[in-house]
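J.: For reference, the structure I am asking about is given below.
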Amino acid sequence: MAIIEIRGVTKIFGSHPEAALAQLREGAGREALLADTNHTVALQDVSLTIDNGQIFVVMGLSGSGKSTLIRHLNRLIDPTAGSIIVDGVDVTKLSIAELIAFRRDHLAMVFQHFALLPHKTVIDNIAYGLALQGTHRGERRKKAQEWVDAVGLAGFERQYPAQLSGGMQQRVGLARALCVDANILLMDEAFSALDPLIRSQMQDLLIELQMRLRKTIVFITHDLDEALRLGDQIAILRDGEVVQIGAPAEILLKPADDYVRAFVKDVNRSRVLTVETVMQQPPLRLSNETPERALDEMQRTGVGLGYVVTGSILRGLVTKEGLRSISGKAPDLSRAIEDAVTIAPDATLADALPRVLRSVHPIAVVDGDDALRGVLSANALAEVLNPSDATEDAAIAKPRLKVSARA
């Protein structure tokens with residue numbers, strides 16, 4: 001269910017934005033407006049729908065409008081045109097007093113450069129939002145301590161921001177945002193100021209917390225690897241316009257244009273895409289058939305093996321050769337069943353590759369209940385890791401595309 005709806009938002013910076021908007025709607029380009037009127041079109045007719053409980057990543061290069069966009073959600077910036085519906089409320093229509101209350105109760109923000117209060121300790125920084133909400137001192141200290149522990153800062157409660165590393169300061173910023181228990185978390189380049197290793201650790205922490213909390217997170221980044229790792233959905237902006245919206249695998253496998261294609265061309269697909277991305281339906285499912293009936297099914301469907309299930313639970317696989325060896329000698333398939341190599345659907349292709357290469361047959365994709373979900377063959381894996389345009393078109397047509405947030 002949608003919790004944020006951005007509808008036709010345009011933002012023009014300058015002294016007469018309404019006049020510039022009229023020219024823009026009449027067909028004037030961004031460059032012409034800047035040259036002729038000294039007005040900057042930061043966003044142009046942006047529409048997005050963000051569902052409750054998802055991480056929605058907005059990415060693009062510097063100047064693409066992504067930070068301007070996120071500041072519209074809590075109305076740090078007012079749009080020139082369009083509407084922004086957050087949790088059922090059009091924030092563009094709120095009075096200043098209503099807006100302050102709405103921000104306090106519904107939204108929290110994590111900034112790129114931490115924005116901590118230098119004169120307050122770690123625990124007081126984390127509790128600050130609760131203080132603004134009027135929470136009793138004892139209660140807010142208790143909740144703040146819980147978040148100190150949750151972000152791995154136990155023992156640093158009495159330290160000041162200047163005494164902490166950058167990664168630790170950002171943990172404080174994240175804990176402060178989460179402590180107020182707002183349903184929506186806005187993160188503007190929150191990890192981009194951190195060293196690569198610390199940045200990866202913060203991504204791990206966010207993933208871990210999100211699995212438990214299921215907040216709605218709008219995450220701004222210029223880093224595609226970060227977007228693919230964190231995002232349930234990704235919107236890519238260029239020059240203030242949305243050029244593509246989709247699940248991470250859609251962005252990776254079917255870029256909308258050359259701009260997006262340039263973003264994704266160097267991504268290590270094996271570390272990002274999951275087995276679900278390329279798994280196929282088993283060539284043949286068998287259950288209570290006789291060996292003779294199973295052989296007939298293989299002949300009819302033109303396949304050389306089948307996967308034996310009880311209900312949906314995988315028992316193993318059978319081949320034509322194995323079935324022929326027991327045909328007329330056994331009432332069921334048991335004597336011909338071979339162990340099948342298996343893998344989980346959320347495993348990365350990098351994890352799957354060694355198993356696929358060692359197996360004579362396509363490996364079975366099974367979930368945590370041992371139910372057969374599909375199969376993964378060497379050919380399917382090779383097509384995705386070394387794609388042609390036709391392969392990408394075929395892969396994206398599959399409804400089960402998914403990218404692991406743990407890659």
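Residue numbering restarts at 1 for every chain of the structure tokens, chains are lettered A, B, ... in their displayed order, and ligands are numbered from 1 as they appear.
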So that I can check the surroundings of stretch 352-369 of chain A, please list as a VMD selection string every protein, DNA and RNA residue that reaches within 8 Å of it, counting only C-alpha atoms and ignoring chain neighbours fewer than 3 positions away.

T.: chain A and resid 275 279 313 to 314 340 to 345 347 to 349 372 to 378 381

J.: So that I can see what lies close to A:Ala20, please list as JSON, numbers by chain the residues with an atom at most 9 Å from it, counting only C-alpha atoms and leaving out residues fewer than 2 positions away in the same chain.

T.: {"A": [12, 14, 16, 17, 18, 22, 23, 24, 25, 28, 33, 37, 39, 40, 41]}

J.: Run DSSP on the backbone of this structure and report the residues of stretch 158-228 of chain A it assigns to strand (DSSP E or B), as a count of residues only.

T.: 11

J.: Hey, what's within 6 Å of stretch 118-120 of chain A if we count only C-alpha atoms and toss same-chain stuff fewer than 3 positions away? As a PyMOL selection string, please?

T.: chain A and resi 124-125+161

J.: Do a neighbour search on A:Gln233 at 8 Å with only C-alpha atoms, toss out local chain neighbours closer than 2 positions, and write the hits as a list in words.

T.: Gln54, Ile55, Phe56, Val57, Gly231, Ala235, Ile245, Gly246, Ala247 and Pro248 of chain A

J.: Give me the residues near stretch 189-193 of chain A as a list in words, where near means some atom within 6 Å (using only C-alpha atoms) and where sequence neighbours in that chain fewer than 4 positions away do not count.

T.: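 So the residues in contact are Phe111, Gln112, Arg199, Ile220 and Thr221 of chain A.
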